[in-house]
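What follows is one structure encoded as structure tokens, with my remarks underneath.
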Amino acid sequence: MPSKQLVYLGWLCCLLLPASALAITKQEAEEKLQTMEQDIAFSKEQFYDIETELSHLMKISGYMDMEYHVSREKGSYPQFRLHHFSLFFNKNITEKWRFFSEIEYQDGPRYVSCNSPDQNQNCDDQVTVRDTSGRNQSFATMKEADGGIFAEAFNVTYQLRPELDLRFGREFTPAGLWNVDHYPPYLATQQAPQHIRNIFPRTNDGISAFGVQRFTNTFLSYNVYLGNGEYNSGAGDGNASKSLGARLSITLPAFTQTEAGLSLYHDTWNNGSTKDATGVHLRMKANDFTIQSEVAHASIEQVSSNTVESLGYYLQAVYDWRAFSFGYRYDVFDDNTANGVKSPTYGAINSLIFNYHSAKNVVFKLEYHMESYEDSQVDNYNHAIASVAVHLGE
Amino acid sequence: MRPRPASLTAALLLLLAGISPAVAESVAIIVNSENQQNFTMQEIKYIYSEYIVSWPSGKRIERYDLPPDDPAREVFTRKVLGLSARVAALEEQSRSVNNSARNPSREKRAPLVAAAIVRSANALGYVSLPYAQSLVGVRIMHVIKE
């Protein structure tokens with residue numbers, strides 16, 4: 001036999017030997033396949049089990065935003081502002097019950113007690129509190145405080161029916177657009193329109209009923225709420241009457257989406273004054289173009305029978321192009337208007353807006369505001385804010 | 001054949017920019033094969049805007065979304081919601097953080113969306129059409145052509 005053929009034969013034996021050694025019977029193969037199928041089924045079940053467990057855990061998320069201000073206002077310096085650091089805690093307690101809270105740390109808060117070893121000075125003031133065993137104990141009071149900590153929201157929601165939810169606790173007052181969708185990572189500007197929180201209160205402590213009712217391709221969102229009213233702490237109410245408010249909003253299939261609505265509010269303050277506020281809002285989306293506007297009016301009848309009226313409105317247009325947003329806003333507020341006559345507090349702000357969404361959760365904003373006031377004693381000025389807002393979550 | 005300098009430059013620019021040209025393709029809205037209930041495209045829009053939260057049977061819709069970087073999501077949000085995937089994802093996230101979400105979506109990659117739909121008769125989602133056609137246990141409710 002020629003040597004070349006011997007070499008081929010040797011190679012063939014080498015190749016076939018391991019294959020024959022690894023060969024398994026059909027029965028063995030079927031058993032292995034069955035084991036693998038069982039493993040896959042087990043892994044799937046485990047995955048869904050973990051997913052179900054995760055969906056019932058308390059979720060912690062939040063946001064932060066930081067700003068750099070440059071202003072032509074007299075006495076103002078270029079400055080950084082650690083505006084917000086907020087933590088959200090939410091939990092689906094059961095299929096019907098869910099919990100939500102927001103703790104906001106504003107302007108980098110710092111609280112120092114007189115007992116802190118960092119304090120060299122003596123604090124004379126003390127506060128006496130009853131401890132858990134019922135004995136009185138004295139503690140030193142606060143020495144220093146910067147910024148603020150605010151439990152902006154904490155509530156539980158119960159879904160009575162798919163179209164009706166009940167909420168108990170503190171929530172953002174459901175009024176207009178900005179007060180509802182108000183978180184910096186999702187807003188075009190850091191500076192809110194002037195009338196926001198000056199006509200409708202920021203939060204409501206009490207109960208609310210809300211939901212959506214469908215009429216073919218039109219949806220009516222409603223929210224009716226009852227609370228302690230303005231100028232009360234979370235500890236209670238300083239008067240017998242409760243504040244009452246409502247927000248109605250219709251979503252129409254016009255353009256990409258159109259929402260128009262009405263907000264109402266009535267409250268009697270602890271000093272006896274009564275406040276009635278009314279607002280209308282409109283938001284239209286046409287592909288990448290969004291226009292939103294709010295008009296709000298408040299009438300405060302004081303105990304002295306004097307009536308103070310406030311009026312605010314804005315119109316904002318934003319165009320989204322890829323990761324960028326460009327916009328403009330015209331914003332007016334007068335907190336003491338009468339019969340349509342401008343008061344010295346009348347202010348108008350023209351704003352130019354630029355946003356860059358560098359990632360789903362990160363937005364850089366540049367906004368330029370041109371502020372002018374009716375009061376001749378107040379200087380008109382321009383200012384700019386560069387900021388970054390980050391959502392801390394999934 | 002020598003490659004044209006222009007196409008070489010374009011390829012190089014894409015490479016440098018780290019951009020992989022996404023292949024946009026038709027998208028299928030899918031449900032469990034046992035689920036014979038239907039929604040119109042207008043209703044699908046309102047499901048993904050959280051105005052409609054239940055099936056006609058009254059069961060809650062288990063709504064699935066693809067991640068914003070999936071080309072199928074861009075096609076879906078553009079054609080159904082009239083928004084870019086980025087803006088649609090931001091709106092979804094905004095509803096979630098301001099506590100107004102009525103039926104939040106679960107964001108998963110396509111194989112997990114498909115697996116969830118095969119598993120649950122109340123699930124609704126969308127994936128690319130070729131992928132949907134390869135699946136067993138799902139029914140295509142609508143096709144959205146690119």
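Residues in the structure tokens are named by chain (A, B, ... in the order shown) and by number from 1 within that chain; ligands are numbered from 1 in the order shown.
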>> Please identify all residues of chain B having at least one atom at most 12 Å from any atom of chain A, considering only C-alpha atoms, and return them as a PyMOL selection string.
In response: chain B and resi 40-47+49-56+58-61+67-69+74+77-104+106-108+112+115-116+119-120
For Ser55 (chain A), list every protein, DNA or RNA residue within 10 Å, evaluated using only C-alpha atoms, and leave out those in the same chain fewer than 6 positions away; present the list as a tab-separated table (two decimals) with N, CA and C atoms, in the first residue's frame.
chain	number	residue	atom	x	y	z
A	91	LYS	N	-45.46	51.77	45.39
A	91	LYS	CA	-45.65	50.33	45.58
A	91	LYS	C	-47.06	49.93	45.17
A	92	ASN	N	-47.13	48.87	44.39
A	92	ASN	CA	-48.43	48.27	44.09
A	92	ASN	C	-48.74	47.32	45.25
A	93	ILE	N	-49.61	47.78	46.13
A	93	ILE	CA	-49.87	47.00	47.35
A	93	ILE	C	-50.65	45.74	47.00
> Using only C-alpha atoms, which residues sit within 6 Å of region 123-125 of chain B once same-chain residues fewer than 3 positions away are excluded, as a PyMOL selection string?
Replying inline: chain B and resi 29-31+61-64+117+120
Expected file contents, prior selection, N, CA and C atoms, as a JSON list (two decimals), in the first residue's frame:
[["chain", "number", "residue", "atom", "x", "y", "z"],
["B", 29, "ILE", "N", -49.28, 44.15, 15.51],
["B", 29, "ILE", "CA", -49.85, 44.21, 16.87],
["B", 29, "ILE", "C", -50.36, 42.81, 17.18],
["B", 30, "ILE", "N", -49.88, 42.24, 18.26],
["B", 30, "ILE", "CA", -50.16, 40.83, 18.52],
["B", 30, "ILE", "C", -50.87, 40.62, 19.86],
["B", 31, "VAL", "N", -51.65, 39.55, 19.89],
["B", 31, "VAL", "CA", -52.32, 39.13, 21.13],
["B", 31, "VAL", "C", -52.22, 37.60, 21.21],
["B", 61, "ILE", "N", -55.98, 45.25, 30.43],
["B", 61, "ILE", "CA", -55.04, 44.96, 29.34],
["B", 61, "ILE", "C", -53.62, 44.95, 29.90],
["B", 62, "GLU", "N", -52.90, 43.87, 29.67],
["B", 62, "GLU", "CA", -51.47, 43.83, 30.03],
["B", 62, "GLU", "C", -50.72, 44.34, 28.80],
["B", 63, "ARG", "N", -50.26, 45.56, 28.92],
["B", 63, "ARG", "CA", -49.73, 46.29, 27.76],
["B", 63, "ARG", "C", -48.20, 46.21, 27.71],
["B", 64, "TYR", "N", -47.69, 45.84, 26.56],
["B", 64, "TYR", "CA", -46.23, 45.71, 26.42],
["B", 64, "TYR", "C", -45.70, 46.69, 25.39],
["B", 117, "ILE", "N", -47.03, 37.34, 25.77],
["B", 117, "ILE", "CA", -48.31, 37.27, 25.05],
["B", 117, "ILE", "C", -48.75, 35.81, 24.87],
["B", 120, "SER", "N", -50.22, 34.96, 28.38],
["B", 120, "SER", "CA", -51.41, 35.59, 28.94],
["B", 120, "SER", "C", -52.43, 35.98, 27.88]]
> In region 18-146 of chain B, what's helix (DSSP H, G or I) per DSSP? Answer as a PyMOL selection string?
Replying inline: chain B and resi 41-47+71-81+85-97+110-119+129-133
